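Undergrad: Sharing coords_5.cif, mmCIF, C-alpha atoms and all ligand atoms:
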data_model
#
loop_
_atom_site.label_atom_id
_atom_site.label_comp_id
_atom_site.auth_asym_id
_atom_site.auth_seq_id
_atom_site.Cartn_x
_atom_site.Cartn_y
_atom_site.Cartn_z
CA MET A 1 -20.43 27.10 -8.99
CA PRO A 2 -20.04 23.38 -8.22
CA GLY A 3 -16.70 22.25 -6.85
CA VAL A 4 -16.82 24.54 -3.83
CA VAL A 5 -19.23 24.13 -0.93
CA VAL A 6 -19.71 27.18 1.27
CA LEU A 7 -21.05 26.42 4.72
CA PRO A 8 -22.29 29.51 6.58
CA LEU A 9 -21.52 29.25 10.29
CA ALA A 10 -23.44 30.59 13.25
CA ARG A 11 -21.59 33.50 14.88
CA SER A 12 -21.54 31.52 18.10
CA ILE A 13 -19.14 28.96 16.59
CA ALA A 14 -15.59 30.21 17.08
CA PRO A 15 -13.23 29.31 14.20
CA ALA A 16 -10.64 28.16 16.76
CA ARG A 17 -13.07 25.54 18.09
CA LEU A 18 -13.84 24.35 14.59
CA SER A 19 -10.13 24.08 13.88
CA GLU A 20 -9.72 21.96 17.03
CA ALA A 21 -12.58 19.72 15.90
CA LEU A 22 -10.98 19.31 12.47
CA THR A 23 -7.66 18.45 14.11
CA ARG A 24 -9.39 15.69 16.06
CA LEU A 25 -11.43 14.49 13.06
CA PRO A 26 -9.74 15.58 9.82
CA PRO A 27 -11.98 15.60 6.72
CA ILE A 28 -12.39 12.32 4.83
CA PHE A 29 -14.17 13.22 1.61
CA ALA A 30 -13.39 16.94 1.18
CA ARG A 31 -10.20 17.58 -0.75
CA GLU A 32 -9.56 20.81 1.10
CA ILE A 33 -11.33 22.68 3.89
CA SER A 34 -10.58 26.22 5.02
CA LEU A 35 -12.30 28.52 7.51
CA GLY A 36 -12.81 32.17 6.73
CA THR A 37 -14.94 34.82 5.21
CA GLY A 38 -16.62 35.83 1.95
CA PRO A 39 -17.72 36.17 -0.72
CA LEU A 40 -15.69 39.32 -1.29
CA ALA A 41 -16.77 41.46 -4.22
CA LEU A 42 -13.54 42.33 -6.04
CA GLY A 43 -12.98 45.25 -8.36
CA GLU A 44 -11.98 44.54 -11.95
CA ARG A 45 -8.87 46.71 -11.62
CA ASP A 46 -7.94 46.18 -7.99
CA ARG A 47 -8.53 42.76 -6.55
CA ILE A 48 -5.69 43.08 -4.08
CA THR A 49 -6.90 45.84 -1.74
CA PRO A 50 -10.14 44.10 -0.63
CA ILE A 51 -8.33 40.77 -0.18
CA VAL A 52 -5.61 42.31 1.99
CA ALA A 53 -8.28 44.09 4.06
CA ALA A 54 -10.19 40.81 4.57
CA VAL A 55 -7.01 38.96 5.60
CA ARG A 56 -6.25 41.71 8.10
CA GLY A 57 -9.79 41.24 9.42
CA ILE A 58 -9.14 37.54 10.06
CA GLY A 59 -6.26 38.67 12.24
CA VAL A 60 -3.82 35.75 12.02
CA GLN A 61 -0.35 35.65 10.56
CA CYS A 62 -0.08 33.07 7.81
CA GLY A 63 2.96 31.08 6.70
CA ALA A 64 1.92 30.37 3.10
CA LEU A 65 -0.44 31.68 0.44
CA TRP A 66 -2.39 29.48 -1.95
CA LEU A 67 -4.68 30.85 -4.64
CA GLU A 68 -7.31 28.28 -5.52
CA TYR A 69 -10.38 27.83 -7.73
CA PRO A 70 -12.88 25.01 -8.24
CA ASP A 71 -11.61 21.92 -10.03
CA THR A 72 -14.27 22.26 -12.74
CA ASN A 73 -14.29 23.41 -16.38
CA ASP A 74 -15.54 26.83 -15.27
CA GLY A 75 -12.95 26.95 -12.52
CA LYS A 76 -10.08 26.30 -14.92
CA HIS A 77 -10.77 29.65 -16.60
CA LEU A 78 -9.57 31.27 -13.37
CA SER A 79 -6.19 29.54 -13.33
CA SER A 80 -4.18 32.01 -15.43
CA MET A 81 -5.58 34.99 -13.52
CA CYS A 82 -4.57 33.28 -10.24
CA ARG A 83 -1.06 32.63 -11.58
CA ARG A 84 -0.64 36.28 -12.52
CA LEU A 85 -2.12 37.57 -9.27
CA GLU A 86 -0.24 35.34 -6.85
CA PRO A 87 3.16 37.15 -6.71
CA LEU A 88 1.50 40.58 -6.55
CA LEU A 89 -0.90 39.54 -3.81
CA GLY A 90 1.91 37.78 -1.93
CA ALA A 91 3.97 40.98 -1.95
CA ALA A 92 1.01 43.06 -0.73
CA LEU A 93 0.24 40.61 2.08
CA ARG A 94 3.87 40.54 3.19
CA ALA A 95 3.97 44.34 3.16
CA ALA A 96 0.84 44.29 5.36
CA GLN A 97 2.67 41.82 7.66
CA VAL A 98 -0.05 39.18 7.51
CA LEU A 99 2.13 36.75 5.53
CA THR A 100 5.63 35.68 6.58
CA ALA A 101 8.55 36.59 4.31
CA ASP A 102 9.55 32.93 3.97
CA GLU A 103 7.19 29.98 3.83
CA ASN A 104 6.47 28.67 7.34
CA LEU A 105 4.55 25.40 7.30
CA ARG A 106 3.89 25.47 11.05
CA LEU A 107 1.69 28.56 10.75
CA PRO A 108 -1.84 28.62 9.30
CA ARG A 109 -1.98 28.59 5.52
CA LEU A 110 -3.92 31.35 3.74
CA HIS A 111 -6.33 30.27 1.00
CA VAL A 112 -7.80 32.77 -1.41
CA VAL A 113 -10.48 30.76 -3.18
CA PHE A 114 -11.80 32.35 -6.37
CA THR A 115 -15.31 31.37 -7.44
CA ALA A 116 -15.35 34.00 -10.23
CA LYS A 117 -12.92 36.63 -11.53
CA GLN A 118 -14.49 39.18 -9.22
CA GLU A 119 -15.48 36.97 -6.32
CA ALA A 120 -13.29 35.23 -3.76
CA TYR A 121 -13.30 33.78 -0.26
CA VAL A 122 -10.44 34.40 2.14
CA ALA A 123 -9.79 31.60 4.62
CA THR A 124 -7.13 29.76 6.58
CA SER A 125 -6.33 26.13 7.30
CA ALA A 126 -4.08 24.41 9.83
CA PRO A 127 -1.30 21.90 9.11
CA ALA A 128 -3.06 19.20 11.21
CA TRP A 129 -5.96 18.92 8.80
CA ASN A 130 -5.21 20.67 5.54
CA SER A 131 -4.19 19.08 2.28
CA ALA A 132 -0.55 18.81 1.28
CA TRP A 133 -1.31 20.17 -2.22
CA PRO A 134 -3.14 23.23 -3.63
CA MET A 135 -6.81 22.35 -4.20
CA GLY A 136 -5.95 18.92 -2.82
CA ILE A 137 -4.49 17.90 -6.19
CA PRO A 138 -1.04 16.29 -6.12
CA ARG A 139 0.80 16.71 -9.41
CA LEU A 140 2.49 13.32 -9.48
CA LYS A 141 4.25 12.00 -12.57
CA MET A 142 3.61 8.41 -13.55
CA PRO A 143 7.06 6.78 -13.18
CA ARG A 144 8.37 4.81 -16.16
CA ASP A 145 8.41 1.03 -16.02
CA VAL A 146 5.79 0.87 -13.28
CA PRO A 147 3.14 -1.76 -13.98
CA SER A 148 -0.01 0.02 -12.76
CA ARG A 149 -1.39 3.52 -12.35
CA SER A 150 -2.46 2.66 -8.82
CA THR A 151 1.19 3.32 -7.91
CA LEU A 152 0.12 6.99 -7.75
CA LYS A 153 -2.32 6.18 -4.93
CA LEU A 154 0.43 4.98 -2.63
CA ALA A 155 2.72 7.86 -3.65
CA GLU A 156 -0.11 10.27 -2.79
CA ALA A 157 -0.87 8.46 0.47
CA PHE A 158 2.74 8.88 1.62
CA GLY A 159 2.49 12.61 0.89
CA ALA A 160 -0.94 12.92 2.52
CA PHE A 161 -0.18 11.06 5.75
CA LEU A 162 3.55 11.71 6.32
CA ASN A 163 5.39 15.01 6.36
CA ASP A 164 8.75 15.35 4.57
CA GLU A 165 10.77 14.41 7.65
CA GLU A 166 8.60 11.34 8.33
CA GLN A 167 8.86 10.20 4.71
CA LEU A 168 12.65 10.23 4.93
CA ARG A 169 12.74 8.54 8.34
CA LEU A 170 10.00 5.95 7.82
CA LEU A 171 10.65 5.02 4.20
CA ARG A 172 14.34 4.31 3.88
CA PRO A 173 16.71 1.52 2.87
CA GLY A 174 16.94 -1.24 5.45
CA LEU A 175 13.24 -1.22 6.35
CA ARG A 176 10.88 -4.07 5.49
CA ALA A 177 7.34 -4.12 4.12
CA VAL A 178 4.64 -6.56 3.11
CA ASP A 179 2.32 -5.73 0.19
CA LEU A 180 -0.92 -7.77 0.27
CA GLY A 181 -2.63 -7.98 -3.12
CA ALA A 182 0.57 -6.68 -4.71
CA ALA A 183 0.21 -7.62 -8.39
CA PRO A 184 1.05 -6.25 -10.86
CA GLY A 185 3.29 -4.21 -8.55
CA GLY A 186 2.54 -0.47 -8.51
CA TRP A 187 2.50 -0.21 -4.71
CA THR A 188 5.49 -2.53 -4.33
CA TRP A 189 7.40 -0.23 -6.71
CA GLN A 190 6.81 2.80 -4.46
CA LEU A 191 8.35 0.97 -1.51
CA ALA A 192 11.25 -0.69 -3.37
CA HIS A 193 12.02 2.61 -5.10
CA ARG A 194 12.71 4.07 -1.64
CA GLY A 195 15.01 1.16 -0.79
CA VAL A 196 12.45 -0.71 1.35
CA ARG A 197 12.62 -4.52 1.07
CA VAL A 198 9.18 -5.84 0.05
CA THR A 199 7.44 -9.20 0.34
CA ALA A 200 4.77 -9.02 -2.37
CA VAL A 201 1.89 -11.41 -1.69
CA ASP A 202 -0.40 -12.20 -4.62
CA ASN A 203 -1.34 -15.17 -6.78
CA GLY A 204 -1.10 -12.95 -9.85
CA PRO A 205 2.17 -12.14 -11.66
CA MET A 206 4.35 -9.15 -10.81
CA LYS A 207 5.22 -7.09 -13.88
CA GLY A 208 7.64 -4.38 -15.05
CA SER A 209 10.82 -3.58 -13.11
CA VAL A 210 9.51 -5.01 -9.81
CA ALA A 211 9.29 -8.52 -11.36
CA ASP A 212 13.06 -8.92 -11.01
CA ASP A 213 13.97 -6.29 -8.41
CA PRO A 214 16.32 -7.87 -5.83
CA LEU A 215 14.50 -5.92 -3.07
CA VAL A 216 11.22 -7.68 -3.94
CA SER A 217 10.26 -11.27 -3.01
CA HIS A 218 7.06 -12.46 -4.62
CA LEU A 219 4.98 -15.03 -2.70
CA ARG A 220 1.99 -16.72 -4.29
CA GLU A 221 0.06 -17.01 -1.03
CA ASP A 222 -3.35 -16.03 0.31
CA GLY A 223 -2.98 -12.48 1.61
CA LEU A 224 -5.93 -12.97 3.95
CA THR A 225 -4.13 -15.59 6.04
CA TRP A 226 -0.37 -15.25 5.39
CA ARG A 227 1.79 -13.66 8.12
CA PRO A 228 5.54 -12.92 8.21
CA LYS A 229 7.92 -14.85 10.48
CA ARG A 230 9.38 -11.59 11.80
CA PRO A 231 7.52 -8.27 12.31
CA VAL A 232 7.86 -5.73 9.48
CA ASP A 233 7.89 -1.95 9.46
CA TRP A 234 5.10 -1.53 6.91
CA LEU A 235 2.00 -3.35 5.75
CA VAL A 236 0.27 -2.10 2.61
CA CYS A 237 -2.92 -3.71 1.36
CA ASP A 238 -4.84 -3.12 -1.87
CA ILE A 239 -6.94 -6.31 -1.96
CA VAL A 240 -10.45 -5.73 -3.31
CA LEU A 241 -12.82 -7.09 -0.67
CA GLN A 242 -15.62 -5.86 1.61
CA PRO A 243 -14.18 -2.84 3.46
CA ILE A 244 -14.93 -4.22 6.92
CA ARG A 245 -12.89 -7.37 6.15
CA ILE A 246 -9.89 -5.32 5.02
CA ALA A 247 -10.26 -3.07 8.07
CA GLU A 248 -10.22 -6.09 10.39
CA LEU A 249 -7.32 -7.74 8.57
CA VAL A 250 -5.13 -4.63 8.74
CA ALA A 251 -6.05 -3.86 12.36
CA ARG A 252 -5.13 -7.40 13.42
CA TRP A 253 -1.68 -7.12 11.82
CA ILE A 254 -1.05 -3.94 13.83
CA ALA A 255 -2.66 -5.31 17.01
CA ASP A 256 -0.57 -8.50 16.79
CA GLY A 257 2.63 -6.52 16.23
CA ASP A 258 3.27 -8.02 12.78
CA ALA A 259 3.60 -4.49 11.33
CA ARG A 260 4.18 -1.07 12.92
CA ARG A 261 2.24 0.92 10.36
CA ALA A 262 -0.14 0.24 7.52
CA ILE A 263 -1.59 1.96 4.48
CA PHE A 264 -4.65 0.33 2.94
CA ASN A 265 -7.46 0.95 0.55
CA LEU A 266 -11.14 0.45 1.41
CA LYS A 267 -13.34 -0.04 -1.66
CA LEU A 268 -16.65 1.52 -0.69
CA PRO A 269 -20.20 0.56 -1.59
CA MET A 270 -22.09 3.12 -3.69
CA LYS A 271 -24.43 4.04 -0.87
CA LYS A 272 -23.75 5.04 2.74
CA ARG A 273 -20.06 5.55 2.18
CA TYR A 274 -19.58 7.76 5.21
CA ASP A 275 -21.37 5.24 7.46
CA GLU A 276 -19.26 2.41 6.11
CA VAL A 277 -16.03 4.32 6.72
CA GLN A 278 -17.13 5.10 10.27
CA ARG A 279 -17.97 1.44 10.88
CA CYS A 280 -14.54 0.36 9.62
CA ALA A 281 -12.71 3.02 11.66
CA GLN A 282 -14.55 2.06 14.84
CA ARG A 283 -13.84 -1.64 14.29
CA MET A 284 -10.13 -1.02 13.67
CA LEU A 285 -9.70 0.98 16.86
CA GLU A 286 -11.68 -1.61 18.84
CA ILE A 287 -9.25 -4.30 17.67
CA THR A 288 -6.11 -2.31 18.48
CA ASP A 289 -7.53 -1.06 21.81
CA ARG A 290 -8.46 -4.56 22.88
CA ALA A 291 -4.86 -5.65 22.21
CA GLY A 292 -3.60 -2.75 24.35
CA VAL A 293 -2.02 -1.09 21.32
CA ASN A 294 -2.17 2.68 21.14
CA ALA A 295 -2.73 3.35 17.44
CA GLY A 296 -3.56 6.42 15.37
CA LEU A 297 -5.91 6.12 12.40
CA ARG A 298 -6.46 8.54 9.53
CA ILE A 299 -8.68 7.97 6.54
CA ARG A 300 -8.95 10.15 3.44
CA GLN A 301 -10.38 9.97 0.00
CA LEU A 302 -7.30 10.83 -2.01
CA TYR A 303 -7.28 12.61 -5.35
CA HIS A 304 -6.34 9.32 -7.04
CA ASP A 305 -9.05 7.36 -5.24
CA ARG A 306 -12.37 6.76 -6.96
CA GLU A 307 -15.04 4.68 -5.18
CA GLU A 308 -12.65 4.14 -2.31
CA VAL A 309 -10.74 5.73 0.55
CA THR A 310 -7.20 5.26 1.80
CA GLY A 311 -6.32 4.68 5.43
CA TYR A 312 -3.21 4.98 7.57
CA LEU A 313 -3.02 3.03 10.82
CA ALA A 314 0.13 3.32 12.91
CA ARG A 315 1.27 2.27 16.37
CA LYS A 316 2.09 5.27 18.53
CA ASN A 317 4.37 3.37 20.90
C1 LIG B 401 -6.26 -3.70 -7.13
S1 LIG B 401 -5.16 -5.02 -7.38
C2 LIG B 401 -3.68 -4.47 -6.63
C3 LIG B 401 -2.91 -3.51 -7.45
C4 LIG B 401 -1.57 -3.19 -6.83
N1 LIG B 401 -1.69 -2.45 -5.59
C5 LIG B 401 -0.69 -2.38 -7.75
O1 LIG B 401 -0.37 -1.23 -7.45
O2 LIG B 401 -0.30 -2.90 -8.80
C6 LIG B 401 -5.73 -6.23 -6.27
C7 LIG B 401 -4.88 -7.47 -6.23
O3 LIG B 401 -5.31 -8.23 -5.09
C8 LIG B 401 -5.07 -9.60 -5.39
N2 LIG B 401 -5.82 -10.41 -4.44
C9 LIG B 401 -7.16 -10.58 -4.31
N3 LIG B 401 -7.42 -11.43 -3.30
C10 LIG B 401 -6.21 -11.78 -2.77
C11 LIG B 401 -5.82 -12.62 -1.70
N4 LIG B 401 -6.72 -13.26 -0.94
N5 LIG B 401 -4.51 -12.76 -1.44
C12 LIG B 401 -3.57 -12.10 -2.17
N6 LIG B 401 -3.90 -11.30 -3.21
C13 LIG B 401 -5.20 -11.14 -3.49
C14 LIG B 401 -5.51 -9.73 -6.85
O4 LIG B 401 -4.87 -10.85 -7.43
C15 LIG B 401 -5.02 -8.41 -7.44
O5 LIG B 401 -3.76 -8.56 -8.05
#
Since I need it in another form, could you write the structure as structure tokens?
TA:
Amino acid sequence: MPGVVVLPLARSIAPARLSEALTRLPPIFAREISLGTGPLALGERDRITPIVAAVRGIGVQCGALWLEYPDTNDGKHLSSMCRRLEPLLGAALRAAQVLTADENLRLPRLHVVFTAKQEAYVATSAPAWNSAWPMGIPRLKMPRDVPSRSTLKLAEAFGAFLNDEEQLRLLRPGLRAVDLGAAPGGWTWQLAHRGVRVTAVDNGPMKGSVADDPLVSHLREDGLTWRPKRPVDWLVCDIVLQPIRIAELVARWIADGDARRAIFNLKLPMKKRYDEVQRCAQRMLEITDRAGVNAGLRIRQLYHDREEVTGYLARKN
């Protein structure tokens, strides 16, 4: 069934080593990766017993249970069965002491991935590299009075790159941001909505509620050359340009200390997307390293991204 890729591993590769590798290099294009076992052949009447046995076989205690299925038309037929099964399976796994009584996000997450009503894989993922949402699909509502759907990309990026505590600490009233290529204002809205003061740089008009939000100053300047007089907390950039030029622009802001952290979109060419992302990532870290800035970089193709990926570059010190 398309939508799920199963990669058989040599016995010599220990899952713990793979998990370490994924922590160092989290997936870019996969919505969700988990490491485990399968396919399990499930009985029509009792799906739970073989799943519990397989989870016991993995031998780790998990802090959360997610039942998943491919994001395809065929996969959708499995959704109601998963909804019905989840509380029953959860109870059985807790009784078997392989799932904590309360959700614990620091422990591995258990994924039971159904590829058919009687076939599933049992696997785990770690907080350092797994997705924040089941099947990697954030259910975000389009806010009213927001001028563009791309607002959902930045909302998703905050959820993908920052945990709940970081979102509260790093996106709060009193902080300042610059939005390059801001019009019509979907990304600016996400920042202003959290009380962050935004300088929105774009020759085009801002629309909807951000057009006259007192937290938003609109500058009709060239986002490729404009810089703020004082450093800001956040840079966000959604200008459509060759990815390497956006990568260099964003890295220079961070290297020069004009912003502490940045979220940006790289619009990818149709071919060699992975190579292009690698080239951009390497260039960004070269620029920050050369400036003596210790920066962390993460890049992911988000659910709301199409021919593009979203990056997060942040100073560590
Ligand atoms: C994809 S749109 C941004 C959408 C925006 N993030 C939102 O959520 O509404 C790209 C924007 O980049 C702007 N742009 C392109 N080149 C620019 C430049 N050199 N300086 C500033 N803005 C630029 C365009 O005018 C356009 O409004």
Undergrad: Against stretch 204-227 of chain A, which residues of stretch 69-159 of chain A fall within 6 Å? For each one I want the closest pair of atoms and the distance in Å (one decimal), counting all atoms listed in the file, rows by chain and increasing residue number, as CSV.
TA:
residue,atom,partner,partner_atom,distance
A:Asp145,CA,A:Gly208,CA,5.5
A:Val146,CA,A:Gly208,CA,5.8
A:Pro147,CA,A:Gly208,CA,5.3
Undergrad: Between atom CA of A:Ala126 and atom CA of A:Asp289, what is the distance, to one decimal in Å?
TA: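 So the answer is 28.4 Å.
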Undergrad: Would you kindly return, as a list in words, each protein, DNA or RNA residue with an atom no farther than 12 Å from any atom of A:Glu44, considering only C-alpha atoms and excluding same-chain residues fewer than 4 positions away?
TA: Ile48, Thr49, Pro50, Met81, Ala116, Lys117, Gln118 and Glu119 of chain A
Undergrad: Mind listing the residues within 6 Å of ligand LIG 401 (chain B), all atoms listed in the file counted, as a ChimeraX atom specification?
TA: /A:148,150-151,180-187,201-204,222-224,238-240
Undergrad: Looking at only C-alpha atoms, which of A:Arg245, A:Arg24, A:Lys76, A:Arg31 is the one that sits closest to A:Ser131?
TA: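 Once distances to A:Ser131 are computed over only C-alpha atoms, the minimum belongs to A:Arg31.
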Undergrad: Between A:Gly311, A:Gly174, A:Pro134, A:Pro2, which residue has the minimum interatomic distance to A:Leu65, considering only C-alpha atoms?
TA: A:Pro134
Undergrad: Would you mind reading off the distance between atom CA of A:Val112 and atom CA of A:Pro138, one decimal, in Å?
TA: 18.4 Å
Undergrad: Set the distance at 12 Å and use only C-alpha atoms: which residues neighbour A:Ser80 once local chain neighbours fewer than 5 positions away are removed? I'd like the list as a list of chain:residue names.
TA: A:Leu67, A:Glu68, A:Tyr69, A:Gly75, A:Leu85, A:Glu86, A:Phe114, A:Lys117
Undergrad: For A:Ile287, which residue among A:Ala314, A:Ile254, A:Ala155, A:Ala259 is the nearest when counting only C-alpha atoms?
TA: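 That would be A:Ile254, the residue with the smallest distance to A:Ile287.
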Undergrad: Could you check how far atom CA of A:Thr310 sits from atom CA of A:Val178, in Å to one decimal?
TA: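 Computing it gives 16.8 Å between the two atoms.
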Undergrad: Using all atoms listed in the file, which of the listed residues (A:Leu249, A:Ala192, A:Leu7, A:Pro87) sits closest to A:Pro173?
TA: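 Once distances to A:Pro173 are computed over all atoms listed in the file, the minimum belongs to A:Ala192.
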Undergrad: When distances are computed from all atoms listed in the file, which of A:Gln301, A:Asn163, A:Asn317, A:Gln97 shows the smallest separation from A:Pro27?
TA: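 Closest candidate: A:Gln301.
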Undergrad: Restricting the calculation to only C-alpha atoms, which member of A:Phe29, A:Arg252, A:Ala157, A:Pro127 is positioned closest to A:Arg273?
TA: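 Using only C-alpha atoms, the shortest distance to A:Arg273 belongs to A:Phe29.
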Undergrad: List every protein, DNA or RNA residue with an atom no more than 12 Å from (-9.9, 41.3, 10.1) in the file's coordinates, counting only C-alpha atoms, and format the result as an NGL selection string.
TA: :A and (36-38 or 50-61 or 98 or 122-123)
Undergrad: Within 7 Å of (1.5, -5.5, 3.7) in the file's own coordinates, which protein, DNA or RNA residues have an atom, counting all atoms listed in the file? List them as a list in words.
TA: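 Protein, DNA and RNA residues close to (1.5, -5.5, 3.7): Ala177, Val178, Asp179, Leu180, Trp234, Leu235, Val236 and Cys237 of chain A.
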Undergrad: Would you mind putting N, CA and C atoms back on stretch 245-268 of chain A and writing the result as a PDB file, keeping the file's coordinate frame?
TA:
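The new file selection_18.pdb reads:
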ATOM      1  N   ARG A 245     -13.848  -6.242   6.051  1.00  0.00           N
ATOM      2  CA  ARG A 245     -12.890  -7.370   6.150  1.00  0.00           C
ATOM      3  C   ARG A 245     -11.465  -6.869   6.010  1.00  0.00           C
ATOM      4  N   ILE A 246     -11.247  -5.899   5.143  1.00  0.00           N
ATOM      5  CA  ILE A 246      -9.890  -5.320   5.020  1.00  0.00           C
ATOM      6  C   ILE A 246      -9.539  -4.575   6.307  1.00  0.00           C
ATOM      7  N   ALA A 247     -10.512  -3.837   6.841  1.00  0.00           N
ATOM      8  CA  ALA A 247     -10.260  -3.070   8.070  1.00  0.00           C
ATOM      9  C   ALA A 247      -9.842  -4.027   9.191  1.00  0.00           C
ATOM     10  N   GLU A 248     -10.548  -5.137   9.315  1.00  0.00           N
ATOM     11  CA  GLU A 248     -10.220  -6.090  10.390  1.00  0.00           C
ATOM     12  C   GLU A 248      -8.858  -6.735  10.154  1.00  0.00           C
ATOM     13  N   LEU A 249      -8.601  -7.099   8.903  1.00  0.00           N
ATOM     14  CA  LEU A 249      -7.320  -7.740   8.570  1.00  0.00           C
ATOM     15  C   LEU A 249      -6.147  -6.817   8.942  1.00  0.00           C
ATOM     16  N   VAL A 250      -6.232  -5.572   8.506  1.00  0.00           N
ATOM     17  CA  VAL A 250      -5.130  -4.630   8.740  1.00  0.00           C
ATOM     18  C   VAL A 250      -4.983  -4.356  10.243  1.00  0.00           C
ATOM     19  N   ALA A 251      -6.115  -4.159  10.924  1.00  0.00           N
ATOM     20  CA  ALA A 251      -6.050  -3.860  12.360  1.00  0.00           C
ATOM     21  C   ALA A 251      -5.417  -5.023  13.120  1.00  0.00           C
ATOM     22  N   ARG A 252      -5.704  -6.246  12.693  1.00  0.00           N
ATOM     23  CA  ARG A 252      -5.130  -7.400  13.420  1.00  0.00           C
ATOM     24  C   ARG A 252      -3.612  -7.474  13.221  1.00  0.00           C
ATOM     25  N   TRP A 253      -3.136  -7.151  12.032  1.00  0.00           N
ATOM     26  CA  TRP A 253      -1.680  -7.120  11.820  1.00  0.00           C
ATOM     27  C   TRP A 253      -1.025  -6.144  12.811  1.00  0.00           C
ATOM     28  N   ILE A 254      -1.645  -4.962  12.952  1.00  0.00           N
ATOM     29  CA  ILE A 254      -1.050  -3.940  13.830  1.00  0.00           C
ATOM     30  C   ILE A 254      -1.224  -4.372  15.291  1.00  0.00           C
ATOM     31  N   ALA A 255      -2.399  -4.885  15.630  1.00  0.00           N
ATOM     32  CA  ALA A 255      -2.660  -5.310  17.010  1.00  0.00           C
ATOM     33  C   ALA A 255      -1.721  -6.451  17.417  1.00  0.00           C
ATOM     34  N   ASP A 256      -1.436  -7.351  16.481  1.00  0.00           N
ATOM     35  CA  ASP A 256      -0.570  -8.500  16.790  1.00  0.00           C
ATOM     36  C   ASP A 256       0.909  -8.141  16.737  1.00  0.00           C
ATOM     37  N   GLY A 257       1.216  -6.930  16.294  1.00  0.00           N
ATOM     38  CA  GLY A 257       2.630  -6.520  16.230  1.00  0.00           C
ATOM     39  C   GLY A 257       3.346  -7.043  14.996  1.00  0.00           C
ATOM     40  N   ASP A 258       2.604  -7.535  13.988  1.00  0.00           N
ATOM     41  CA  ASP A 258       3.270  -8.020  12.780  1.00  0.00           C
ATOM     42  C   ASP A 258       3.739  -6.870  11.881  1.00  0.00           C
ATOM     43  N   ALA A 259       3.119  -5.688  12.053  1.00  0.00           N
ATOM     44  CA  ALA A 259       3.600  -4.490  11.330  1.00  0.00           C
ATOM     45  C   ALA A 259       3.421  -3.289  12.247  1.00  0.00           C
ATOM     46  N   ARG A 260       4.292  -2.292  12.076  1.00  0.00           N
ATOM     47  CA  ARG A 260       4.180  -1.070  12.920  1.00  0.00           C
ATOM     48  C   ARG A 260       3.189  -0.077  12.325  1.00  0.00           C
ATOM     49  N   ARG A 261       3.149  -0.032  11.002  1.00  0.00           N
ATOM     50  CA  ARG A 261       2.240   0.920  10.360  1.00  0.00           C
ATOM     51  C   ARG A 261       1.699   0.343   9.072  1.00  0.00           C
ATOM     52  N   ALA A 262       0.519   0.826   8.697  1.00  0.00           N
ATOM     53  CA  ALA A 262      -0.140   0.240   7.520  1.00  0.00           C
ATOM     54  C   ALA A 262      -0.835   1.309   6.698  1.00  0.00           C
ATOM     55  N   ILE A 263      -0.761   1.148   5.391  1.00  0.00           N
ATOM     56  CA  ILE A 263      -1.590   1.960   4.480  1.00  0.00           C
ATOM     57  C   ILE A 263      -2.440   0.988   3.672  1.00  0.00           C
ATOM     58  N   PHE A 264      -3.721   1.288   3.564  1.00  0.00           N
ATOM     59  CA  PHE A 264      -4.650   0.330   2.940  1.00  0.00           C
ATOM     60  C   PHE A 264      -5.759   1.077   2.232  1.00  0.00           C
ATOM     61  N   ASN A 265      -6.373   0.369   1.329  1.00  0.00           N
ATOM     62  CA  ASN A 265      -7.460   0.950   0.550  1.00  0.00           C
ATOM     63  C   ASN A 265      -8.751   0.254   0.919  1.00  0.00           C
ATOM     64  N   LEU A 266      -9.810   1.026   1.157  1.00  0.00           N
ATOM     65  CA  LEU A 266     -11.140   0.450   1.410  1.00  0.00           C
ATOM     66  C   LEU A 266     -12.017   0.776   0.219  1.00  0.00           C
ATOM     67  N   LYS A 267     -12.461  -0.258  -0.489  1.00  0.00           N
ATOM     68  CA  LYS A 267     -13.340  -0.040  -1.660  1.00  0.00           C
ATOM     69  C   LYS A 267     -14.750   0.094  -1.113  1.00  0.00           C
ATOM     70  N   LEU A 268     -15.381   1.236  -1.368  1.00  0.00           N
ATOM     71  CA  LEU A 268     -16.650   1.520  -0.690  1.00  0.00           C
ATOM     72  C   LEU A 268     -17.857   1.141  -1.522  1.00  0.00           C
TER      73      LEU A 268
END
